[in-house]
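Data file: entry.txt. Format and content: compact mmCIF, C-alpha atoms and all ligand atoms.
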# COMPACT_ATOMS: atom_id res chain seq x y z
CA MET A 1 0.00 0.00 0.00
CA SER A 2 1.27 3.52 -0.79
CA PRO A 3 2.36 5.65 2.17
CA PRO A 4 0.09 8.58 3.03
CA ALA A 5 0.58 11.48 0.61
CA ILE A 6 1.03 13.80 3.60
CA GLU A 7 1.52 12.94 7.23
CA THR A 8 2.33 15.36 10.03
CA ASN A 9 3.06 14.55 13.65
CA ASN A 10 2.71 17.31 16.22
CA LEU A 11 3.80 19.74 13.51
CA THR A 12 4.25 23.16 15.12
CA ARG A 13 5.41 26.61 14.08
CA GLN A 14 5.77 29.50 16.44
CA PHE A 15 6.49 33.02 15.10
CA ASP A 16 7.49 35.14 18.09
CA ASP A 17 4.24 35.33 20.02
CA VAL A 18 2.05 33.78 17.29
CA LEU A 19 1.50 30.03 17.38
CA ALA A 20 0.70 29.72 13.66
CA VAL A 21 0.48 25.90 13.64
CA ASP A 22 -0.14 24.11 16.89
CA SER A 23 0.73 20.38 17.21
CA LEU A 24 -0.93 19.43 13.94
CA ASP A 25 -1.58 15.75 13.19
CA LEU A 26 -2.75 15.48 9.63
CA THR A 27 -2.98 12.51 7.27
CA VAL A 28 -3.83 12.86 3.60
CA ARG A 29 -4.37 9.46 1.99
CA SER A 30 -2.90 8.55 -1.32
CA GLY A 31 -5.42 9.16 -4.12
CA GLU A 32 -7.84 11.47 -2.32
CA ILE A 33 -8.79 15.11 -2.81
CA TYR A 34 -8.40 16.71 0.60
CA GLY A 35 -9.83 20.16 1.33
CA PHE A 36 -7.66 22.09 3.76
CA LEU A 37 -9.94 24.77 5.10
CA GLY A 38 -9.77 27.65 7.50
CA PRO A 39 -10.27 31.40 7.71
CA ASN A 40 -7.44 33.88 7.04
CA GLY A 41 -4.64 33.38 9.51
CA ALA A 42 -5.70 29.84 10.47
CA GLY A 43 -2.27 28.41 9.63
CA LYS A 44 -2.86 26.83 6.22
CA SER A 45 -0.03 28.50 4.30
CA THR A 46 2.38 28.00 7.19
CA THR A 47 1.55 24.27 7.14
CA ILE A 48 2.06 24.08 3.37
CA ASN A 49 5.34 25.99 3.65
CA MET A 50 6.59 23.46 6.20
CA LEU A 51 5.61 20.53 3.96
CA LEU A 52 7.82 22.02 1.24
CA ASP A 53 10.61 23.12 3.59
CA TYR A 54 10.10 26.79 2.71
CA ILE A 55 9.99 27.36 6.45
CA ARG A 56 11.17 25.13 9.27
CA PRO A 57 8.90 23.79 12.01
CA THR A 58 9.67 24.73 15.60
CA GLY A 59 8.35 21.32 16.64
CA GLY A 60 7.12 17.98 15.28
CA SER A 61 7.71 16.48 11.85
CA ALA A 62 6.12 15.84 8.46
CA THR A 63 6.47 13.41 5.60
CA VAL A 64 5.35 13.97 2.02
CA LEU A 65 4.94 10.87 -0.19
CA GLY A 66 6.87 9.01 2.49
CA HIS A 67 9.86 11.42 2.41
CA ASP A 68 10.94 13.49 5.38
CA ALA A 69 9.96 17.12 4.74
CA GLN A 70 13.32 18.42 5.94
CA SER A 71 15.96 15.89 4.99
CA GLU A 72 14.51 14.59 1.70
CA ILE A 73 13.18 17.77 0.20
CA LYS A 74 14.75 17.19 -3.24
CA GLU A 75 12.70 14.01 -3.70
CA ILE A 76 9.60 15.87 -2.55
CA HIS A 77 10.07 18.78 -4.96
CA GLN A 78 10.62 16.33 -7.79
CA ARG A 79 7.36 14.44 -7.15
CA VAL A 80 5.05 17.23 -5.96
CA GLY A 81 3.40 19.97 -8.03
CA VAL A 82 2.64 23.22 -6.23
CA LEU A 83 0.29 26.05 -7.11
CA PRO A 84 1.36 28.67 -4.60
CA ASP A 85 -0.81 31.43 -3.23
CA ASP A 86 -0.05 34.68 -5.04
CA VAL A 87 2.97 33.93 -7.17
CA GLY A 88 3.33 36.34 -10.03
CA LEU A 89 3.63 35.46 -13.69
CA TYR A 90 5.97 37.23 -16.08
CA ASP A 91 3.87 39.59 -18.18
CA ARG A 92 6.19 39.43 -21.16
CA LEU A 93 6.60 35.67 -21.32
CA THR A 94 4.20 33.44 -23.22
CA ALA A 95 2.26 30.65 -21.53
CA ARG A 96 4.51 28.06 -23.19
CA LYS A 97 7.67 29.79 -21.93
CA HIS A 98 6.34 29.67 -18.36
CA VAL A 99 5.78 25.93 -18.61
CA GLU A 100 9.13 25.38 -20.33
CA PHE A 101 10.81 27.26 -17.51
CA VAL A 102 9.46 24.80 -14.92
CA ILE A 103 10.31 21.82 -17.15
CA ASP A 104 13.85 23.11 -17.22
CA VAL A 105 14.07 23.69 -13.45
CA LYS A 106 12.66 20.23 -12.73
CA ASP A 107 14.76 18.67 -15.46
CA ALA A 108 11.57 16.98 -16.64
CA ASN A 109 10.62 15.75 -20.09
CA SER A 110 6.98 16.88 -20.03
CA ASP A 111 5.47 18.30 -23.21
CA PRO A 112 4.45 21.94 -22.64
CA ASP A 113 1.74 21.85 -25.29
CA GLU A 114 0.17 18.74 -23.80
CA LEU A 115 0.09 20.40 -20.36
CA LEU A 116 -1.42 23.60 -21.74
CA GLU A 117 -4.01 21.48 -23.53
CA ARG A 118 -4.90 19.74 -20.24
CA VAL A 119 -5.69 23.06 -18.56
CA GLY A 120 -7.59 24.41 -21.57
CA LEU A 121 -4.93 26.90 -22.67
CA ALA A 122 -3.80 25.25 -25.92
CA ASP A 123 -5.05 28.22 -27.97
CA ALA A 124 -3.24 30.69 -25.73
CA ALA A 125 0.14 28.90 -25.72
CA ASP A 126 1.86 31.70 -27.66
CA ARG A 127 0.13 34.59 -25.91
CA LYS A 128 1.94 36.63 -23.28
CA ALA A 129 0.74 36.13 -19.70
CA GLY A 130 0.43 39.90 -19.27
CA GLY A 131 -2.83 39.82 -21.21
CA PHE A 132 -4.32 36.87 -19.32
CA SER A 133 -7.47 37.04 -17.24
CA LYS A 134 -7.27 35.93 -13.61
CA GLY A 135 -8.75 32.54 -14.56
CA MET A 136 -6.26 32.02 -17.38
CA GLY A 137 -3.45 32.92 -15.00
CA GLN A 138 -4.60 30.28 -12.53
CA ARG A 139 -4.83 27.67 -15.31
CA LEU A 140 -1.31 28.54 -16.36
CA ARG A 141 -0.06 28.17 -12.77
CA LEU A 142 -1.81 24.81 -12.69
CA ALA A 143 -0.10 23.74 -15.92
CA MET A 144 3.21 24.70 -14.29
CA ALA A 145 2.29 22.64 -11.22
CA LEU A 146 1.52 19.66 -13.47
CA VAL A 147 5.04 19.51 -14.94
CA ASN A 148 6.66 16.09 -14.38
CA ASP A 149 3.29 14.44 -13.69
CA PRO A 150 3.31 14.97 -9.92
CA GLU A 151 1.91 12.29 -7.61
CA LEU A 152 0.68 15.04 -5.28
CA LEU A 153 -0.67 18.46 -6.17
CA ILE A 154 -0.62 21.11 -3.44
CA LEU A 155 -2.93 23.96 -4.34
CA ASP A 156 -2.90 26.99 -2.03
CA GLU A 157 -6.13 28.96 -2.52
CA PRO A 158 -6.30 28.07 -6.24
CA THR A 159 -9.75 29.55 -6.75
CA SER A 160 -9.09 32.81 -4.93
CA GLY A 161 -10.16 35.78 -7.03
CA LEU A 162 -11.85 33.63 -9.68
CA ASP A 163 -15.46 34.20 -10.65
CA PRO A 164 -17.83 31.25 -10.08
CA ASN A 165 -17.32 29.94 -13.64
CA GLY A 166 -13.55 30.17 -13.41
CA ALA A 167 -13.57 28.45 -10.02
CA ARG A 168 -15.78 25.66 -11.34
CA GLU A 169 -13.55 25.11 -14.38
CA LEU A 170 -10.48 24.93 -12.19
CA ARG A 171 -12.16 22.39 -9.90
CA GLU A 172 -13.11 20.37 -12.97
CA ILE A 173 -9.46 20.21 -14.08
CA VAL A 174 -8.47 19.25 -10.53
CA ARG A 175 -10.99 16.44 -10.60
CA GLN A 176 -9.64 15.18 -13.93
CA GLU A 177 -6.09 15.19 -12.57
CA ASN A 178 -7.30 13.21 -9.56
CA GLU A 179 -8.89 10.69 -11.90
CA ARG A 180 -5.47 10.26 -13.50
CA GLY A 181 -4.24 9.16 -10.06
CA THR A 182 -2.93 12.40 -8.55
CA THR A 183 -3.57 13.09 -4.86
CA VAL A 184 -4.77 16.67 -4.34
CA PHE A 185 -4.33 18.86 -1.28
CA PHE A 186 -6.56 21.88 -1.86
CA SER A 187 -6.48 24.79 0.56
CA SER A 188 -9.23 27.36 0.72
CA HIS A 189 -10.93 29.71 3.16
CA ILE A 190 -14.32 29.01 1.57
CA LEU A 191 -16.05 25.70 2.20
CA GLY A 192 -18.22 26.16 -0.89
CA GLN A 193 -15.09 26.14 -3.09
CA VAL A 194 -14.09 22.64 -2.03
CA GLU A 195 -17.46 21.12 -1.22
CA ALA A 196 -18.11 19.84 -4.72
CA VAL A 197 -14.70 18.35 -5.33
CA CYS A 198 -13.18 17.06 -2.07
CA ASP A 199 -13.43 13.57 -0.61
CA ARG A 200 -12.57 14.84 2.87
CA VAL A 201 -12.04 18.19 4.50
CA GLY A 202 -10.14 19.35 7.54
CA ILE A 203 -11.00 22.70 9.08
CA MET A 204 -8.21 24.66 10.77
CA ASN A 205 -8.70 27.47 13.25
CA ASN A 206 -5.99 29.20 15.29
CA GLY A 207 -3.36 26.71 14.15
CA GLN A 208 -5.35 23.64 15.17
CA MET A 209 -7.48 21.15 13.30
CA VAL A 210 -10.98 21.65 14.71
CA VAL A 211 -12.83 19.10 12.61
CA GLU A 212 -12.03 16.56 9.94
CA ASP A 213 -14.70 14.67 8.04
CA SER A 214 -16.11 13.77 4.66
CA ILE A 215 -18.49 16.31 3.13
CA GLU A 216 -21.21 13.73 3.74
CA GLY A 217 -20.20 13.49 7.41
CA LEU A 218 -20.29 17.27 7.72
CA ARG A 219 -23.76 17.27 6.20
CA ASP A 220 -24.84 14.73 8.80
CA GLN A 221 -23.49 17.06 11.48
CA VAL A 222 -25.61 19.86 10.10
CA GLY A 223 -28.49 17.40 10.03
CA SER A 224 -31.85 18.68 8.98
CA ASP A 225 -31.88 21.20 11.83
CA THR A 226 -34.35 23.94 11.18
CA GLN A 227 -35.18 26.97 13.23
CA LEU A 228 -38.78 28.09 13.15
CA THR A 229 -39.59 31.59 14.42
CA VAL A 230 -43.26 32.28 15.06
CA GLN A 231 -44.90 35.62 15.83
CA VAL A 232 -48.12 35.23 17.79
CA GLY A 233 -50.89 37.71 18.58
CA ASP A 234 -50.95 37.22 22.34
CA GLN A 235 -48.60 36.53 25.23
CA PRO A 236 -47.65 32.86 24.68
CA ASP A 237 -47.87 31.62 28.28
CA GLY A 238 -47.59 27.89 28.86
CA VAL A 239 -47.01 26.93 25.20
CA GLU A 240 -43.41 25.81 25.87
CA ALA A 241 -44.47 22.61 27.63
CA ALA A 242 -46.87 21.63 24.85
CA LEU A 243 -44.22 22.29 22.17
CA GLY A 244 -41.50 20.55 24.17
CA SER A 245 -43.52 17.35 24.20
CA LEU A 246 -43.39 17.09 20.38
CA ASP A 247 -40.79 14.54 19.19
CA ALA A 248 -38.99 16.74 16.66
CA VAL A 249 -38.70 19.78 18.92
CA GLU A 250 -35.21 20.21 20.34
CA SER A 251 -35.50 23.63 21.95
CA VAL A 252 -38.07 26.31 22.61
CA THR A 253 -37.48 29.91 23.65
CA VAL A 254 -40.05 32.62 24.13
CA GLU A 255 -39.34 36.34 24.01
CA GLY A 256 -42.35 38.62 24.17
CA SER A 257 -44.68 37.44 21.43
CA THR A 258 -41.92 35.59 19.52
CA ILE A 259 -41.51 31.83 19.85
CA ARG A 260 -38.33 30.21 18.51
CA VAL A 261 -38.38 26.47 17.99
CA GLY A 262 -35.39 24.31 17.06
CA LEU A 263 -36.55 21.33 15.00
CA SER A 264 -34.65 18.19 14.06
CA ASP A 265 -37.03 17.61 11.20
CA ARG A 266 -38.31 20.31 8.90
CA SER A 267 -41.51 18.43 8.14
CA SER A 268 -42.70 18.88 11.75
CA LYS A 269 -43.28 22.57 11.11
CA THR A 270 -47.02 22.10 10.69
CA SER A 271 -47.44 20.22 13.97
CA VAL A 272 -45.62 23.07 15.75
CA LEU A 273 -47.96 25.64 14.22
CA SER A 274 -51.08 23.61 15.07
CA THR A 275 -49.86 23.06 18.65
CA ILE A 276 -49.49 26.84 19.00
CA GLU A 277 -53.00 27.38 17.63
CA ASP A 278 -54.41 24.62 19.86
CA ALA A 279 -53.02 26.57 22.83
CA GLY A 280 -55.42 29.38 21.85
CA LEU A 281 -52.83 31.62 20.16
CA THR A 282 -53.10 33.23 16.74
CA VAL A 283 -50.13 32.84 14.42
CA ASP A 284 -49.42 36.23 12.84
CA ASP A 285 -46.31 35.26 10.94
CA PHE A 286 -43.53 32.64 10.83
CA THR A 287 -40.12 32.14 9.19
CA THR A 288 -37.93 29.07 8.87
CA GLU A 289 -34.16 28.89 8.53
CA GLN A 290 -32.24 25.80 7.61
CA ALA A 291 -28.67 25.29 8.84
CA SER A 292 -26.14 25.05 6.00
CA LEU A 293 -22.57 23.79 5.66
CA ASP A 294 -21.52 27.45 5.70
CA ASP A 295 -23.15 27.87 9.11
CA LEU A 296 -21.24 24.82 10.30
CA PHE A 297 -17.97 26.21 8.96
CA ALA A 298 -18.68 29.56 10.64
CA SER A 299 -19.47 27.89 13.94
CA TYR A 300 -16.10 26.11 13.90
CA THR A 301 -14.09 29.13 12.88
CA SER A 302 -15.73 32.24 14.34
CA SER A 303 -13.45 34.05 16.77
CA GLY A 304 -13.00 32.14 19.97
CA ALA A 305 -14.52 28.97 18.53
CA ASP A 306 -12.36 25.94 18.98
CA THR A 307 -14.71 23.09 19.62
CA GLY A 308 -17.42 23.63 17.05
CA PRO A 309 -21.09 23.96 17.62
CA GLU A 310 -22.93 22.93 20.74
CA PRO A 311 -25.10 19.97 19.85
CA ALA A 312 -28.74 20.80 19.22
CA GLU A 313 -28.53 24.27 20.73
CA VAL A 314 -30.71 26.77 19.00
CA ASP A 315 -30.75 30.29 20.30
CA ALA A 316 -30.44 29.21 23.94
N1 LIG A 401 6.65 35.03 8.62
C1 LIG A 401 5.77 35.25 9.59
N2 LIG A 401 6.09 36.01 10.66
C2 LIG A 401 5.21 36.23 11.66
N3 LIG A 401 3.95 35.73 11.69
C3 LIG A 401 3.57 34.98 10.65
C4 LIG A 401 4.45 34.69 9.55
N4 LIG A 401 3.78 33.92 8.66
C5 LIG A 401 2.53 33.72 9.17
N5 LIG A 401 2.42 34.35 10.37
C6 LIG A 401 1.22 34.34 11.24
O1 LIG A 401 0.83 33.00 11.44
C7 LIG A 401 -0.59 32.88 11.43
C8 LIG A 401 -1.01 31.88 10.36
O2 LIG A 401 -0.78 32.45 9.08
P1 LIG A 401 -0.98 31.65 7.72
O3 LIG A 401 -0.52 32.54 6.62
O4 LIG A 401 -0.38 30.30 7.83
O5 LIG A 401 -2.56 31.50 7.70
P2 LIG A 401 -3.50 31.06 6.48
O6 LIG A 401 -4.48 30.11 7.06
O7 LIG A 401 -2.69 30.58 5.35
O8 LIG A 401 -4.22 32.40 6.12
P3 LIG A 401 -4.58 33.01 4.66
O9 LIG A 401 -5.85 32.32 4.26
O10 LIG A 401 -4.78 34.43 4.99
O11 LIG A 401 -3.44 32.77 3.74
C9 LIG A 401 -1.14 34.28 11.22
O12 LIG A 401 -1.43 34.83 12.48
C10 LIG A 401 0.03 35.00 10.58
O13 LIG A 401 -0.02 36.38 10.89
Just give me the structure of the file as structure tokens.
Ligand SMILES: Nc1ncnc2c1ncn2[C@@H]1O[C@H](COP(=O)(O)OP(=O)(O)OP(=O)(O)O)[C@@H](O)[C@H]1O
Amino acid sequence: MSPPAIETNNLTRQFDDVLAVDSLDLTVRSGEIYGFLGPNGAGKSTTINMLLDYIRPTGGSATVLGHDAQSEIKEIHQRVGVLPDDVGLYDRLTARKHVEFVIDVKDANSDPDELLERVGLADAADRKAGGFSKGMGQRLRLAMALVNDPELLILDEPTSGLDPNGARELREIVRQENERGTTVFFSSHILGQVEAVCDRVGIMNNGQMVVEDSIEGLRDQVGSDTQLTVQVGDQPDGVEAALGSLDAVESVTVEGSTIRVGLSDRSSKTSVLSTIEDAGLTVDDFTTEQASLDDLFASYTSSGADTGPEPAEVDA
């Protein structure tokens, strides 16, 4: 069996008084697309930089494709393709020249035209990068990362600044590369950017991994939780007990003439409304909100959050 594509043990980086990466244990399996998520400053780039020996850890260790990230960095650079965050292109060089440059540095025998074809830039091979749109620039960076047919692609915020179409096209190319057998480590600060393409995601906050799961597992965590907010005409005395006895009701709070009900099952909305009416109240208005993956991401990464959401707490 292949070794993990990436494995870190207690990987740590302290910058003066900032603990950028805090005892990180991360395993990326060979063949998967792993979404490395977290808000700005979470420690994603610092982690990536340690995997590539651009900066040294202050503690712990890492291997990439089974090679030690400090002592065997040559092997790693040979077998890994990197699309770095924010690396400039040369305005006056053509797309092909950019790719040829990397082929030369890596001493590879890749065909630049074939790589440009793979990222959809065959027609722009002889155009200068100075005239490229943001999306074309990212495709070109991806073509450069694909030189030497890497076993692992490390993409640091590859969709940043792209419009929704550009981001989708880039994800599509990433998926195709994965189908060719390449493991992909895809960092982003937006869950929606990786949701459609990743097998698993890990969410970082304040240098620590706060949750790691498949997208499906994250969806299960979100569940079908719904919050129903009901405005009633009168003071809703005594309705809490009646609502609390319904199976799907997880929480009830009353504030003035507003009743908020946390539901585990959206379809129980009508029984909540009829219970309120049975208690002699008139329903003036109601709204429902469904929890989304974005809410889950926010709950794990909002300032001060380090343990994720409280289970089944709605507006307590
Ligand atoms: N060279 C450095 N010197 C001092 N502090 C640093 C350095 N590099 C990163 N940091 C700090 O470490 C923390 C993690 O930064 P990092 O760039 O790894 O986060 P990130 O998750 O990649 O964020 P972004 O999405 O903004 O790129 C931040 O608080 C940052 O200010």
Near range 142-155 of chain A, 9 Å: range 172-290 of chain A residue rows, closest pairs, only C-alpha atoms, as a tab-separated table:
residue	atom	partner	partner_atom	distance
A:Val174	CA	A:Leu142	CA	8.9
A:Glu177	CA	A:Leu146	CA	8.9
A:Gly181	CA	A:Glu151	CA	7.3
A:Thr182	CA	A:Glu151	CA	4.9
A:Thr183	CA	A:Leu152	CA	4.7
A:Val184	CA	A:Leu153	CA	4.8
A:Phe185	CA	A:Ile154	CA	4.8
A:Phe186	CA	A:Leu155	CA	4.9
A:Ser187	CA	A:Leu155	CA	6.1
A:Ser188	CA	A:Leu155	CA	8.8
Any residue with an atom at most 9 Å from ligand LIG 401 (chain A) counts, using only C-alpha atoms and all ligand atoms. Which are they? Put them as a PyMOL selection string. chain A and resi 13-21+37-49+55+85+156-157+187-189+204-207
List the spatial neighbours of Asp91 in chain A as an MDAnalysis selection string - criterion: any atom at most 7 Å away, only C-alpha atoms, same-chain residues fewer than 6 positions off excluded. chainID A and resid 128:130
In terms of only C-alpha atoms, the residue from A:Asp25, A:Met136, A:Glu179, A:Val99 at minimal distance from Val197 in chain A is A:Glu179
Pairwise distance for CA of Val222 in chain A and CA of Met209 in chain A, rounded to one decimal in Å: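 It comes out at 18.5 Å.
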Find the residues near Thr282 in chain A: any atom within 8 Å, counting only C-alpha atoms, skip ones fewer than 2 places away on the same chain, and give them as an MDAnalysis selection string. chainID A and resid 232:234 276:277 280 284
To one decimal in Å, tell me the separation between CA of Thr288 in chain A and CA of Asp225 in chain A. 10.4 Å
One number please: CA of Leu65 in chain A to CA of Val28 in chain A, in Å, one decimal. 9.8 Å
Given all atoms listed in the file as the basis, pick out the residue of A:Thr27, A:Val119, A:Lys74, A:Ala108 nearest to Gln176 in chain A.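 With all atoms listed in the file as the atom set, the closest residue is A:Val119.
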Mind running range 163-230 of chain A against range 235-258 of chain A at 12 Å and telling me each contacting residue's nearest atom pair with the distance in Å (one decimal), counting all atoms listed in the file, chain and number ascending, as a Markdown table?
| residue | atom | partner | partner_atom | distance |
| --- | --- | --- | --- | --- |
| A:Ser224 | CA | A:Ala248 | CA | 10.7 |
| A:Asp225 | CA | A:Glu250 | CA | 9.2 |
| A:Thr226 | CA | A:Val249 | CA | 9.8 |
| A:Gln227 | CA | A:Ser251 | CA | 9.3 |
| A:Leu228 | CA | A:Val252 | CA | 9.7 |
| A:Thr229 | CA | A:Thr258 | CA | 6.9 |
| A:Val230 | CA | A:Thr258 | CA | 5.7 |
Counting all atoms listed in the file, what is within 9 Å of Gly66 in chain A, bar same-chain residues fewer than 6 positions away, as a compact mmCIF listing (two decimals) with C-alpha atoms, in the frame of the given file?
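What landed in out.txt:
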# COMPACT_ATOMS: atom_id res chain seq x y z
CA SER A 2 1.27 3.52 -0.79
CA PRO A 3 2.36 5.65 2.17
CA PRO A 4 0.09 8.58 3.03
CA ALA A 5 0.58 11.48 0.61
CA ILE A 6 1.03 13.80 3.60
CA GLU A 7 1.52 12.94 7.23
CA ILE A 76 9.60 15.87 -2.55
